[in-house]
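Engineer: Sending over a structure as structure tokens; questions will come in a sec.
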Amino acid sequence: VADDPLAPSAILAASAADATPGEVRPAPGRARWLWVAAGILLLCTAETVPWWKAHRTQQPYNSATPLEIFPFLAKGGGNVAIVLPDTSLLLIQKIMNTEIPLEAYTQISNPKDPAFQADDLELRSALGLLGDVRTTTMDEASVGMDFMQSLTKAGLQGELSYARDLHIRDFGQGSYILIGNQRSDPWVTLFTGRDNFQFVGKPTGYDYVFRNMHPAPGEQEEYAPVQSPLGFTNYADITLTPNLTDSGYVLMIVGSDVPANEAAARFLMGGELPA
């Protein structure tokens with residue numbers, strides 16, 4: 001991340017695995033689709049915890065390291081909101097094979113929202129439940145807590161926020177750390193026009209890539225996840241840019257998935273920034 005907040009953002013390669021959604025426990029007697037939704041969450045959690053334990057950085061990072069980005073975030077008045085991603089939103093979009101844009105995001109809990117208009121009444125009920133609950137992943141919640149400790153060590157005040165609880169007017173004041181791509185945090189789309197790397201794709205299939213809008217010599221036009229015998233290579237985009245009124249700054253950590261988000265965040269907290 002260069003000192004110029006509007007300079008092309010940095011893109012990082014990270015070893016990745018499937019996401020770790022938080023657990024949703026429907027009440028006994030719910031329709032079968034509610035149990036399907038809960039089963040998906042439990043399965044993802046069960047499969048990812050062993051990976052998380054095996055792949056976490058072995059050497060502890062120093063969360064007290066003063067980062068080059070903190071002076072920018074301090075310009076928002078000293079308080080920095082760390083916005084946790086909306087995993088419920090991500091699951092709704094995956095189930096329905098759709099995209100929910102920012103303008104519709106604030107109405108996500110509305111039963112009349114098109115995202116909930118499934119033909120199957122039980123599926124519609126399950127989608128309604130996801131629209132009502134607030135979930136995030138264990139890894140991203142851990143990253144949020146670590147950012148709070150780092151901010152405190154740097155003399156700043158961090159507070160955890162949830163993506164669905166924000167409004168567009170909030171981004172006209174203060175500083176923010178946004179974790180996740182537009183599938184789990186649509187607020188990043190407010191600033192993507194300033195970003196050289198665009199996270200684009202189709203909701204059906206695994207077709208999301210980082211598109212390089214202005215490739216420099218030696219750079220690729222697209223950065224897509226790669227599966228190889230050595231593992232899964234994924235990418236994350238880090239952008240530091242002013243808020244909507246230039247009165248603070250927004251740090252965006254946009255990964256293709258949860259492990260990419262965590263890897264990029266811990267790379268920042270490790271005290272090393274890309275040139």
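How things are named: the first chain in the structure tokens is A, the next is B, and so on; residues count from 1 in each chain; ligands count from 1 in the order shown.
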Find the spatial neighbours of segment 162-166 of chain A, counting only C-alpha atoms, within a cut-off of 12 Å - ignore same-chain residues fewer than 5 positions away - and output them as an mmCIF file with all heavy atoms, in the first residue's frame.

Structural biologist:
```cif
data_model
loop_
_atom_site.group_PDB
_atom_site.id
_atom_site.type_symbol
_atom_site.label_atom_id
_atom_site.label_comp_id
_atom_site.auth_asym_id
_atom_site.auth_seq_id
_atom_site.Cartn_x
_atom_site.Cartn_y
_atom_site.Cartn_z
ATOM 1 N N ALA A 81 -13.799 2.102 13.145
ATOM 2 C CA ALA A 81 -14.800 1.033 13.138
ATOM 3 C C ALA A 81 -14.281 -0.142 12.318
ATOM 4 O O ALA A 81 -13.932 0.019 11.151
ATOM 5 C CB ALA A 81 -16.119 1.542 12.565
ATOM 6 N N ILE A 82 -14.212 -1.308 12.933
ATOM 7 C CA ILE A 82 -13.796 -2.533 12.251
ATOM 8 C C ILE A 82 -15.064 -3.280 11.875
ATOM 9 O O ILE A 82 -15.783 -3.788 12.740
ATOM 10 C CB ILE A 82 -12.907 -3.389 13.172
ATOM 11 C CG1 ILE A 82 -11.720 -2.569 13.672
ATOM 12 C CG2 ILE A 82 -12.438 -4.650 12.455
ATOM 13 C CD1 ILE A 82 -11.078 -3.136 14.917
ATOM 14 N N VAL A 83 -15.359 -3.327 10.588
ATOM 15 C CA VAL A 83 -16.643 -3.842 10.111
ATOM 16 C C VAL A 83 -16.513 -5.324 9.769
ATOM 17 O O VAL A 83 -15.792 -5.700 8.840
ATOM 18 C CB VAL A 83 -17.127 -3.051 8.891
ATOM 19 C CG1 VAL A 83 -18.497 -3.557 8.443
ATOM 20 C CG2 VAL A 83 -17.177 -1.564 9.214
ATOM 21 N N LEU A 84 -17.216 -6.160 10.528
ATOM 22 C CA LEU A 84 -17.198 -7.600 10.285
ATOM 23 C C LEU A 84 -18.148 -7.949 9.144
ATOM 24 O O LEU A 84 -19.224 -7.353 9.005
ATOM 25 C CB LEU A 84 -17.600 -8.355 11.549
ATOM 26 C CG LEU A 84 -16.691 -8.153 12.764
ATOM 27 C CD1 LEU A 84 -17.229 -8.930 13.958
ATOM 28 C CD2 LEU A 84 -15.256 -8.570 12.451
ATOM 29 N N PRO A 85 -17.781 -8.921 8.312
ATOM 30 C CA PRO A 85 -18.609 -9.277 7.153
ATOM 31 C C PRO A 85 -19.899 -9.977 7.551
ATOM 32 O O PRO A 85 -20.011 -10.568 8.625
ATOM 33 C CB PRO A 85 -17.697 -10.193 6.332
ATOM 34 C CG PRO A 85 -16.721 -10.747 7.317
ATOM 35 C CD PRO A 85 -16.516 -9.689 8.351
ATOM 36 N N ASP A 86 -20.860 -9.934 6.639
ATOM 37 C CA ASP A 86 -22.193 -10.495 6.840
ATOM 38 C C ASP A 86 -22.238 -11.874 6.175
ATOM 39 O O ASP A 86 -22.535 -11.998 4.991
ATOM 40 C CB ASP A 86 -23.233 -9.551 6.227
ATOM 41 C CG ASP A 86 -24.662 -9.954 6.551
ATOM 42 O OD1 ASP A 86 -24.876 -11.122 6.920
ATOM 43 O OD2 ASP A 86 -25.562 -9.093 6.432
ATOM 44 N N THR A 87 -21.954 -12.919 6.947
ATOM 45 C CA THR A 87 -21.944 -14.273 6.398
ATOM 46 C C THR A 87 -23.342 -14.735 6.008
ATOM 47 O O THR A 87 -23.504 -15.522 5.069
ATOM 48 C CB THR A 87 -21.320 -15.245 7.410
ATOM 49 O OG1 THR A 87 -20.008 -14.791 7.757
ATOM 50 C CG2 THR A 87 -21.207 -16.643 6.826
ATOM 51 N N SER A 88 -24.371 -14.254 6.695
ATOM 52 C CA SER A 88 -25.751 -14.604 6.315
ATOM 53 C C SER A 88 -26.052 -14.131 4.900
ATOM 54 O O SER A 88 -26.669 -14.852 4.103
ATOM 55 C CB SER A 88 -26.743 -13.969 7.296
ATOM 56 O OG SER A 88 -26.602 -14.512 8.593
ATOM 57 N N LEU A 89 -25.614 -12.927 4.569
ATOM 58 C CA LEU A 89 -25.806 -12.403 3.220
ATOM 59 C C LEU A 89 -25.112 -13.289 2.191
ATOM 60 O O LEU A 89 -25.679 -13.605 1.134
ATOM 61 C CB LEU A 89 -25.256 -10.980 3.130
ATOM 62 C CG LEU A 89 -25.229 -10.357 1.733
ATOM 63 C CD1 LEU A 89 -26.633 -10.079 1.242
ATOM 64 C CD2 LEU A 89 -24.380 -9.091 1.720
ATOM 65 N N LEU A 90 -23.894 -13.714 2.484
ATOM 66 C CA LEU A 90 -23.157 -14.571 1.565
ATOM 67 C C LEU A 90 -23.903 -15.875 1.324
ATOM 68 O O LEU A 90 -24.022 -16.342 0.179
ATOM 69 C CB LEU A 90 -21.767 -14.849 2.141
ATOM 70 C CG LEU A 90 -20.868 -15.797 1.344
ATOM 71 C CD1 LEU A 90 -20.568 -15.217 -0.028
ATOM 72 C CD2 LEU A 90 -19.587 -16.081 2.101
ATOM 73 N N LEU A 102 -25.777 -3.207 -3.258
ATOM 74 C CA LEU A 102 -25.768 -2.373 -2.058
ATOM 75 C C LEU A 102 -27.115 -1.708 -1.830
ATOM 76 O O LEU A 102 -27.587 -1.637 -0.688
ATOM 77 C CB LEU A 102 -24.671 -1.314 -2.180
ATOM 78 C CG LEU A 102 -24.575 -0.298 -1.042
ATOM 79 C CD1 LEU A 102 -24.302 -0.995 0.285
ATOM 80 C CD2 LEU A 102 -23.484 0.724 -1.330
ATOM 81 N N ALA A 104 -30.013 -2.708 -2.316
ATOM 82 C CA ALA A 104 -31.013 -3.614 -1.754
ATOM 83 C C ALA A 104 -30.567 -4.205 -0.417
ATOM 84 O O ALA A 104 -31.369 -4.813 0.290
ATOM 85 C CB ALA A 104 -31.311 -4.743 -2.735
ATOM 86 N N TYR A 105 -29.309 -4.002 -0.074
ATOM 87 C CA TYR A 105 -28.750 -4.660 1.109
ATOM 88 C C TYR A 105 -29.425 -4.233 2.400
ATOM 89 O O TYR A 105 -29.658 -5.060 3.290
ATOM 90 C CB TYR A 105 -27.252 -4.377 1.182
ATOM 91 C CG TYR A 105 -26.563 -4.984 2.375
ATOM 92 C CD1 TYR A 105 -26.688 -6.340 2.654
ATOM 93 C CD2 TYR A 105 -25.767 -4.208 3.216
ATOM 94 C CE1 TYR A 105 -26.042 -6.904 3.741
ATOM 95 C CE2 TYR A 105 -25.121 -4.766 4.302
ATOM 96 C CZ TYR A 105 -25.268 -6.112 4.556
ATOM 97 O OH TYR A 105 -24.632 -6.667 5.636
ATOM 98 N N THR A 106 -29.743 -2.949 2.538
ATOM 99 C CA THR A 106 -30.347 -2.479 3.784
ATOM 100 C C THR A 106 -31.750 -3.020 3.989
ATOM 101 O O THR A 106 -32.304 -2.908 5.080
ATOM 102 C CB THR A 106 -30.389 -0.940 3.817
ATOM 103 O OG1 THR A 106 -31.085 -0.462 2.655
ATOM 104 C CG2 THR A 106 -28.980 -0.372 3.839
ATOM 105 N N GLN A 107 -32.352 -3.625 2.938
ATOM 106 C CA GLN A 107 -33.696 -4.189 3.045
ATOM 107 C C GLN A 107 -33.651 -5.709 3.105
ATOM 108 O O GLN A 107 -34.670 -6.361 2.901
ATOM 109 C CB GLN A 107 -34.540 -3.749 1.836
ATOM 110 C CG GLN A 107 -34.638 -2.254 1.654
ATOM 111 C CD GLN A 107 -35.295 -1.564 2.840
ATOM 112 O OE1 GLN A 107 -36.246 -2.083 3.406
ATOM 113 N NE2 GLN A 107 -34.763 -0.409 3.214
ATOM 114 N N ILE A 108 -32.481 -6.270 3.414
ATOM 115 C CA ILE A 108 -32.306 -7.716 3.325
ATOM 116 C C ILE A 108 -33.227 -8.484 4.257
ATOM 117 O O ILE A 108 -33.587 -9.618 3.997
ATOM 118 C CB ILE A 108 -30.837 -8.090 3.603
ATOM 119 C CG1 ILE A 108 -30.563 -9.542 3.201
ATOM 120 C CG2 ILE A 108 -30.483 -7.872 5.036
ATOM 121 C CD1 ILE A 108 -30.706 -9.805 1.742
ATOM 122 N N SER A 109 -33.648 -7.898 5.376
ATOM 123 C CA SER A 109 -34.526 -8.608 6.314
ATOM 124 C C SER A 109 -36.001 -8.460 5.954
ATOM 125 O O SER A 109 -36.864 -8.988 6.631
ATOM 126 C CB SER A 109 -34.293 -8.089 7.740
ATOM 127 O OG SER A 109 -34.581 -6.701 7.815
ATOM 128 N N GLY A 131 -31.996 -13.956 6.832
ATOM 129 C CA GLY A 131 -32.105 -12.509 6.740
ATOM 130 C C GLY A 131 -32.263 -11.839 8.087
ATOM 131 O O GLY A 131 -31.949 -10.655 8.232
ATOM 132 N N ASP A 132 -32.741 -12.595 9.067
ATOM 133 C CA ASP A 132 -32.973 -12.027 10.396
ATOM 134 C C ASP A 132 -31.757 -12.126 11.311
ATOM 135 O O ASP A 132 -31.580 -11.293 12.198
ATOM 136 C CB ASP A 132 -34.161 -12.722 11.071
ATOM 137 C CG ASP A 132 -35.494 -12.318 10.442
ATOM 138 O OD1 ASP A 132 -35.557 -11.227 9.849
ATOM 139 O OD2 ASP A 132 -36.446 -13.111 10.539
ATOM 140 N N VAL A 133 -30.937 -13.166 11.132
ATOM 141 C CA VAL A 133 -29.813 -13.381 12.048
ATOM 142 C C VAL A 133 -28.562 -12.680 11.531
ATOM 143 O O VAL A 133 -28.441 -12.383 10.348
ATOM 144 C CB VAL A 133 -29.529 -14.887 12.235
ATOM 145 C CG1 VAL A 133 -30.738 -15.583 12.819
ATOM 146 C CG2 VAL A 133 -29.115 -15.535 10.912
ATOM 147 N N ARG A 134 -27.649 -12.423 12.450
ATOM 148 C CA ARG A 134 -26.375 -11.793 12.121
ATOM 149 C C ARG A 134 -25.258 -12.770 12.435
ATOM 150 O O ARG A 134 -25.040 -13.111 13.593
ATOM 151 C CB ARG A 134 -26.211 -10.478 12.900
ATOM 152 C CG ARG A 134 -27.045 -9.343 12.346
ATOM 153 C CD ARG A 134 -27.254 -8.247 13.371
ATOM 154 N NE ARG A 134 -27.748 -7.021 12.750
ATOM 155 C CZ ARG A 134 -28.977 -6.856 12.274
ATOM 156 N NH1 ARG A 134 -29.843 -7.867 12.353
ATOM 157 N NH2 ARG A 134 -29.340 -5.709 11.724
ATOM 158 N N THR A 135 -24.562 -13.214 11.400
ATOM 159 C CA THR A 135 -23.482 -14.171 11.584
ATOM 160 C C THR A 135 -22.228 -13.668 10.883
ATOM 161 O O THR A 135 -22.295 -12.937 9.888
ATOM 162 C CB THR A 135 -23.845 -15.555 11.005
ATOM 163 O OG1 THR A 135 -24.074 -15.432 9.590
ATOM 164 C CG2 THR A 135 -25.084 -16.120 11.656
ATOM 165 N N THR A 136 -21.080 -14.066 11.421
ATOM 166 C CA THR A 136 -19.804 -13.839 10.756
ATOM 167 C C THR A 136 -18.955 -15.070 11.030
ATOM 168 O O THR A 136 -19.357 -15.961 11.775
ATOM 169 C CB THR A 136 -19.132 -12.546 11.255
ATOM 170 O OG1 THR A 136 -18.093 -12.173 10.352
ATOM 171 C CG2 THR A 136 -18.570 -12.727 12.649
ATOM 172 N N THR A 137 -17.786 -15.157 10.428
ATOM 173 C CA THR A 137 -16.962 -16.343 10.601
ATOM 174 C C THR A 137 -16.058 -16.199 11.821
ATOM 175 O O THR A 137 -15.754 -15.096 12.263
ATOM 176 C CB THR A 137 -16.085 -16.588 9.364
ATOM 177 O OG1 THR A 137 -15.132 -15.527 9.236
ATOM 178 C CG2 THR A 137 -16.928 -16.661 8.101
ATOM 179 N N GLU A 140 -12.674 -14.369 10.803
ATOM 180 C CA GLU A 140 -12.781 -12.928 10.578
ATOM 181 C C GLU A 140 -13.111 -12.192 11.874
ATOM 182 O O GLU A 140 -12.663 -11.056 12.079
ATOM 183 C CB GLU A 140 -13.816 -12.655 9.486
ATOM 184 C CG GLU A 140 -13.289 -13.040 8.115
ATOM 185 C CD GLU A 140 -14.375 -13.206 7.076
ATOM 186 O OE1 GLU A 140 -15.476 -13.677 7.413
ATOM 187 O OE2 GLU A 140 -14.123 -12.877 5.902
ATOM 188 N N ALA A 141 -13.868 -12.820 12.770
ATOM 189 C CA ALA A 141 -14.102 -12.221 14.081
ATOM 190 C C ALA A 141 -12.797 -12.135 14.867
ATOM 191 O O ALA A 141 -12.522 -11.134 15.548
ATOM 192 C CB ALA A 141 -15.141 -13.032 14.853
ATOM 193 N N GLY A 144 -10.828 -9.262 13.578
ATOM 194 C CA GLY A 144 -11.367 -8.010 14.093
ATOM 195 C C GLY A 144 -10.875 -7.711 15.493
ATOM 196 O O GLY A 144 -10.503 -6.572 15.805
ATOM 197 N N PHE A 171 -20.219 6.585 6.318
ATOM 198 C CA PHE A 171 -18.923 6.629 5.645
ATOM 199 C C PHE A 171 -18.525 8.050 5.247
ATOM 200 O O PHE A 171 -17.543 8.239 4.542
ATOM 201 C CB PHE A 171 -18.937 5.711 4.430
ATOM 202 C CG PHE A 171 -19.037 4.251 4.793
ATOM 203 C CD1 PHE A 171 -20.267 3.620 4.880
ATOM 204 C CD2 PHE A 171 -17.892 3.529 5.089
ATOM 205 C CE1 PHE A 171 -20.363 2.288 5.237
ATOM 206 C CE2 PHE A 171 -17.976 2.189 5.450
ATOM 207 C CZ PHE A 171 -19.213 1.570 5.524
ATOM 208 N N GLY A 172 -19.273 9.024 5.711
ATOM 209 C CA GLY A 172 -18.906 10.412 5.507
ATOM 210 C C GLY A 172 -18.112 10.979 6.667
ATOM 211 O O GLY A 172 -17.688 12.135 6.628
ATOM 212 N N TYR A 176 -12.615 3.544 8.827
ATOM 213 C CA TYR A 176 -13.187 2.204 8.837
ATOM 214 C C TYR A 176 -12.188 1.183 8.328
ATOM 215 O O TYR A 176 -11.340 1.491 7.485
ATOM 216 C CB TYR A 176 -14.447 2.145 7.963
ATOM 217 C CG TYR A 176 -15.597 2.962 8.495
ATOM 218 C CD1 TYR A 176 -15.663 4.328 8.254
ATOM 219 C CD2 TYR A 176 -16.591 2.375 9.258
ATOM 220 C CE1 TYR A 176 -16.699 5.092 8.762
ATOM 221 C CE2 TYR A 176 -17.639 3.126 9.772
ATOM 222 C CZ TYR A 176 -17.688 4.484 9.515
ATOM 223 O OH TYR A 176 -18.710 5.237 10.021
ATOM 224 N N ILE A 177 -12.316 -0.031 8.834
ATOM 225 C CA ILE A 177 -11.624 -1.189 8.274
ATOM 226 C C ILE A 177 -12.712 -2.152 7.801
ATOM 227 O O ILE A 177 -13.499 -2.658 8.610
ATOM 228 C CB ILE A 177 -10.714 -1.871 9.306
ATOM 229 C CG1 ILE A 177 -9.616 -0.911 9.769
ATOM 230 C CG2 ILE A 177 -10.092 -3.140 8.721
ATOM 231 C CD1 ILE A 177 -8.730 -1.482 10.875
ATOM 232 N N LEU A 178 -12.774 -2.379 6.490
ATOM 233 C CA LEU A 178 -13.768 -3.273 5.906
ATOM 234 C C LEU A 178 -13.101 -4.595 5.570
ATOM 235 O O LEU A 178 -12.095 -4.630 4.859
ATOM 236 C CB LEU A 178 -14.380 -2.662 4.646
ATOM 237 C CG LEU A 178 -15.053 -1.294 4.801
ATOM 238 C CD1 LEU A 178 -15.630 -0.837 3.465
ATOM 239 C CD2 LEU A 178 -16.136 -1.334 5.863
ATOM 240 N N ILE A 179 -13.670 -5.682 6.060
ATOM 241 C CA ILE A 179 -13.108 -7.017 5.848
ATOM 242 C C ILE A 179 -14.071 -7.822 4.984
ATOM 243 O O ILE A 179 -15.207 -8.048 5.365
ATOM 244 C CB ILE A 179 -12.876 -7.741 7.181
ATOM 245 C CG1 ILE A 179 -11.985 -6.904 8.101
ATOM 246 C CG2 ILE A 179 -12.267 -9.120 6.956
ATOM 247 C CD1 ILE A 179 -11.883 -7.454 9.520
ATOM 248 N N GLY A 180 -13.610 -8.253 3.810
ATOM 249 C CA GLY A 180 -14.440 -9.083 2.939
ATOM 250 C C GLY A 180 -14.780 -8.405 1.629
ATOM 251 O O GLY A 180 -14.714 -7.178 1.510
ATOM 252 N N ASN A 181 -15.159 -9.202 0.635
ATOM 253 C CA ASN A 181 -15.551 -8.666 -0.661
ATOM 254 C C ASN A 181 -17.034 -8.303 -0.665
ATOM 255 O O ASN A 181 -17.723 -8.442 0.345
ATOM 256 C CB ASN A 181 -15.213 -9.669 -1.772
ATOM 257 C CG ASN A 181 -15.923 -11.008 -1.588
ATOM 258 O OD1 ASN A 181 -17.144 -11.075 -1.498
ATOM 259 N ND2 ASN A 181 -15.147 -12.090 -1.525
ATOM 260 N N GLN A 182 -17.526 -7.846 -1.815
ATOM 261 C CA GLN A 182 -18.901 -7.348 -1.875
ATOM 262 C C GLN A 182 -19.957 -8.423 -1.643
ATOM 263 O O GLN A 182 -21.113 -8.118 -1.387
ATOM 264 C CB GLN A 182 -19.172 -6.668 -3.225
ATOM 265 C CG GLN A 182 -19.145 -7.579 -4.435
ATOM 266 C CD GLN A 182 -17.796 -7.595 -5.109
ATOM 267 O OE1 GLN A 182 -16.786 -7.360 -4.458
ATOM 268 N NE2 GLN A 182 -17.781 -7.830 -6.411
ATOM 269 N N ARG A 183 -19.558 -9.688 -1.700
ATOM 270 C CA ARG A 183 -20.517 -10.758 -1.449
ATOM 271 C C ARG A 183 -20.887 -10.844 0.033
ATOM 272 O O ARG A 183 -21.975 -11.303 0.374
ATOM 273 C CB ARG A 183 -19.932 -12.093 -1.911
ATOM 274 C CG ARG A 183 -19.643 -12.158 -3.396
ATOM 275 C CD ARG A 183 -20.850 -12.603 -4.168
ATOM 276 N NE ARG A 183 -21.037 -14.043 -4.071
ATOM 277 C CZ ARG A 183 -22.144 -14.666 -4.475
ATOM 278 N NH1 ARG A 183 -23.160 -13.975 -4.953
ATOM 279 N NH2 ARG A 183 -22.247 -15.981 -4.392
ATOM 280 N N SER A 184 -19.988 -10.418 0.907
ATOM 281 C CA SER A 184 -20.265 -10.445 2.345
ATOM 282 C C SER A 184 -20.240 -9.055 2.972
ATOM 283 O O SER A 184 -20.654 -8.893 4.119
ATOM 284 C CB SER A 184 -19.260 -11.344 3.075
ATOM 285 O OG SER A 184 -17.942 -10.886 2.869
ATOM 286 N N ASP A 185 -19.779 -8.058 2.222
ATOM 287 C CA ASP A 185 -19.789 -6.677 2.698
ATOM 288 C C ASP A 185 -19.979 -5.735 1.506
ATOM 289 O O ASP A 185 -18.998 -5.240 0.934
ATOM 290 C CB ASP A 185 -18.504 -6.339 3.436
ATOM 291 C CG ASP A 185 -18.582 -4.970 4.119
ATOM 292 O OD1 ASP A 185 -19.568 -4.241 3.881
ATOM 293 O OD2 ASP A 185 -17.658 -4.629 4.873
ATOM 294 N N PRO A 186 -21.230 -5.486 1.107
ATOM 295 C CA PRO A 186 -21.488 -4.650 -0.072
ATOM 296 C C PRO A 186 -20.966 -3.225 0.057
ATOM 297 O O PRO A 186 -20.861 -2.518 -0.955
ATOM 298 C CB PRO A 186 -23.020 -4.662 -0.178
ATOM 299 C CG PRO A 186 -23.459 -5.887 0.547
ATOM 300 C CD PRO A 186 -22.473 -6.042 1.672
ATOM 301 N N TRP A 187 -20.606 -2.786 1.270
ATOM 302 C CA TRP A 187 -20.132 -1.405 1.439
ATOM 303 C C TRP A 187 -18.835 -1.154 0.702
ATOM 304 O O TRP A 187 -18.521 0.010 0.379
ATOM 305 C CB TRP A 187 -19.974 -1.086 2.923
ATOM 306 C CG TRP A 187 -21.273 -1.118 3.674
ATOM 307 C CD1 TRP A 187 -21.652 -2.015 4.629
ATOM 308 C CD2 TRP A 187 -22.383 -0.225 3.508
ATOM 309 N NE1 TRP A 187 -22.923 -1.738 5.073
ATOM 310 C CE2 TRP A 187 -23.395 -0.644 4.398
ATOM 311 C CE3 TRP A 187 -22.624 0.883 2.695
ATOM 312 C CZ2 TRP A 187 -24.621 0.006 4.493
ATOM 313 C CZ3 TRP A 187 -23.845 1.529 2.794
ATOM 314 C CH2 TRP A 187 -24.820 1.091 3.688
ATOM 315 N N VAL A 188 -18.081 -2.192 0.392
ATOM 316 C CA VAL A 188 -16.830 -1.966 -0.340
ATOM 317 C C VAL A 188 -17.101 -1.415 -1.743
ATOM 318 O O VAL A 188 -16.233 -0.782 -2.337
ATOM 319 C CB VAL A 188 -15.989 -3.260 -0.435
ATOM 320 C CG1 VAL A 188 -15.613 -3.769 0.947
ATOM 321 C CG2 VAL A 188 -16.709 -4.337 -1.234
#
```

Engineer: I need the residues of segment 127-274 of chain A that end up classed as helix (DSSP H, G or I) by DSSP on the backbone, written out as a ChimeraX atom specification.

Structural biologist: /A:127-132,138-153,163-165,168-172,186-190,192-194,258-269

Engineer: From the list A:Thr189, A:Gln220, A:Ser142, A:Asn243, which residue is nearest Arg266 of chain A when using only C-alpha atoms?

Structural biologist: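 Counting only C-alpha atoms, the residue closest to Arg266 of chain A is A:Ser142.
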
Engineer: Could you state the separation of atom CA of Ile95 of chain A and atom CA of Val143 of chain A in Å, given to one decimal place?

Structural biologist: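 So the two atoms, atom CA of Ile95 of chain A and atom CA of Val143 of chain A, lie 26.3 Å apart.
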
Engineer: Taking only C-alpha atoms into account, name the residue in A:Gln93, A:Gln157, A:Ser247, A:Ser175 that is nearest to Leu73 of chain A.

Structural biologist: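 Among A:Gln93, A:Gln157, A:Ser247, A:Ser175, it is A:Ser175 that comes nearest to Leu73 of chain A.
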
Engineer: Mind pulling up the distance from atom CA of Leu130 of chain A to atom CA of Val254 of chain A?

Structural biologist: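 According to the coordinates, atom CA of Val254 of chain A and atom CA of Leu130 of chain A are separated by 22.8 Å.
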
Engineer: Contacts of Glu222 of chain A at 9 Å or less, counting only C-alpha atoms, minus same-chain residues fewer than 3 places along, as an mmCIF file with all heavy atoms, in the first residue's frame?

Structural biologist:
```cif
data_model
loop_
_atom_site.group_PDB
_atom_site.id
_atom_site.type_symbol
_atom_site.label_atom_id
_atom_site.label_comp_id
_atom_site.auth_asym_id
_atom_site.auth_seq_id
_atom_site.Cartn_x
_atom_site.Cartn_y
_atom_site.Cartn_z
ATOM 1 N N PHE A 197 -7.770 -2.986 -8.832
ATOM 2 C CA PHE A 197 -8.134 -4.395 -8.914
ATOM 3 C C PHE A 197 -9.617 -4.547 -8.556
ATOM 4 O O PHE A 197 -10.026 -4.222 -7.438
ATOM 5 C CB PHE A 197 -7.262 -5.238 -7.984
ATOM 6 C CG PHE A 197 -5.820 -5.298 -8.404
ATOM 7 C CD1 PHE A 197 -4.885 -4.440 -7.848
ATOM 8 C CD2 PHE A 197 -5.405 -6.201 -9.370
ATOM 9 C CE1 PHE A 197 -3.560 -4.488 -8.236
ATOM 10 C CE2 PHE A 197 -4.081 -6.259 -9.768
ATOM 11 C CZ PHE A 197 -3.147 -5.400 -9.203
ATOM 12 N N VAL A 209 -12.908 -13.457 -10.053
ATOM 13 C CA VAL A 209 -11.486 -13.182 -10.244
ATOM 14 C C VAL A 209 -11.214 -11.728 -9.871
ATOM 15 O O VAL A 209 -12.134 -10.909 -9.771
ATOM 16 C CB VAL A 209 -11.037 -13.417 -11.714
ATOM 17 C CG1 VAL A 209 -11.281 -14.855 -12.134
ATOM 18 C CG2 VAL A 209 -11.745 -12.444 -12.656
ATOM 19 N N PHE A 210 -9.935 -11.399 -9.681
ATOM 20 C CA PHE A 210 -9.520 -10.013 -9.542
ATOM 21 C C PHE A 210 -9.066 -9.525 -10.918
ATOM 22 O O PHE A 210 -8.102 -10.048 -11.481
ATOM 23 C CB PHE A 210 -8.373 -9.876 -8.539
ATOM 24 C CG PHE A 210 -8.802 -9.990 -7.107
ATOM 25 C CD1 PHE A 210 -8.660 -11.180 -6.411
ATOM 26 C CD2 PHE A 210 -9.362 -8.894 -6.453
ATOM 27 C CE1 PHE A 210 -9.056 -11.283 -5.094
ATOM 28 C CE2 PHE A 210 -9.764 -8.995 -5.135
ATOM 29 C CZ PHE A 210 -9.610 -10.188 -4.444
ATOM 30 N N ARG A 211 -9.775 -8.554 -11.449
ATOM 31 C CA ARG A 211 -9.445 -8.004 -12.760
ATOM 32 C C ARG A 211 -8.552 -6.782 -12.580
ATOM 33 O O ARG A 211 -8.892 -5.834 -11.865
ATOM 34 C CB ARG A 211 -10.708 -7.622 -13.522
ATOM 35 C CG ARG A 211 -10.468 -7.093 -14.935
ATOM 36 C CD ARG A 211 -11.767 -6.982 -15.687
ATOM 37 N NE ARG A 211 -12.381 -8.301 -15.836
ATOM 38 C CZ ARG A 211 -13.677 -8.489 -16.108
ATOM 39 N NH1 ARG A 211 -14.489 -7.449 -16.224
ATOM 40 N NH2 ARG A 211 -14.158 -9.712 -16.250
ATOM 41 N N ASN A 212 -7.412 -6.809 -13.238
ATOM 42 C CA ASN A 212 -6.440 -5.722 -13.196
ATOM 43 C C ASN A 212 -6.838 -4.697 -14.252
ATOM 44 O O ASN A 212 -6.684 -4.929 -15.454
ATOM 45 C CB ASN A 212 -5.038 -6.282 -13.462
ATOM 46 C CG ASN A 212 -3.940 -5.283 -13.191
ATOM 47 O OD1 ASN A 212 -4.199 -4.104 -12.981
ATOM 48 N ND2 ASN A 212 -2.705 -5.757 -13.198
ATOM 49 N N MET A 213 -7.352 -3.551 -13.812
ATOM 50 C CA MET A 213 -7.902 -2.572 -14.741
ATOM 51 C C MET A 213 -6.818 -1.884 -15.569
ATOM 52 O O MET A 213 -7.054 -1.492 -16.710
ATOM 53 C CB MET A 213 -8.725 -1.527 -13.982
ATOM 54 C CG MET A 213 -9.804 -2.128 -13.086
ATOM 55 S SD MET A 213 -10.948 -3.230 -13.971
ATOM 56 C CE MET A 213 -11.782 -2.041 -15.030
ATOM 57 N N GLU A 219 2.529 -7.587 -15.164
ATOM 58 C CA GLU A 219 1.340 -7.956 -14.399
ATOM 59 C C GLU A 219 0.330 -8.688 -15.278
ATOM 60 O O GLU A 219 0.268 -8.478 -16.477
ATOM 61 C CB GLU A 219 0.680 -6.715 -13.794
ATOM 62 C CG GLU A 219 1.478 -6.058 -12.687
ATOM 63 C CD GLU A 219 0.744 -4.900 -12.068
ATOM 64 O OE1 GLU A 219 -0.284 -4.456 -12.636
ATOM 65 O OE2 GLU A 219 1.208 -4.419 -11.017
#
```
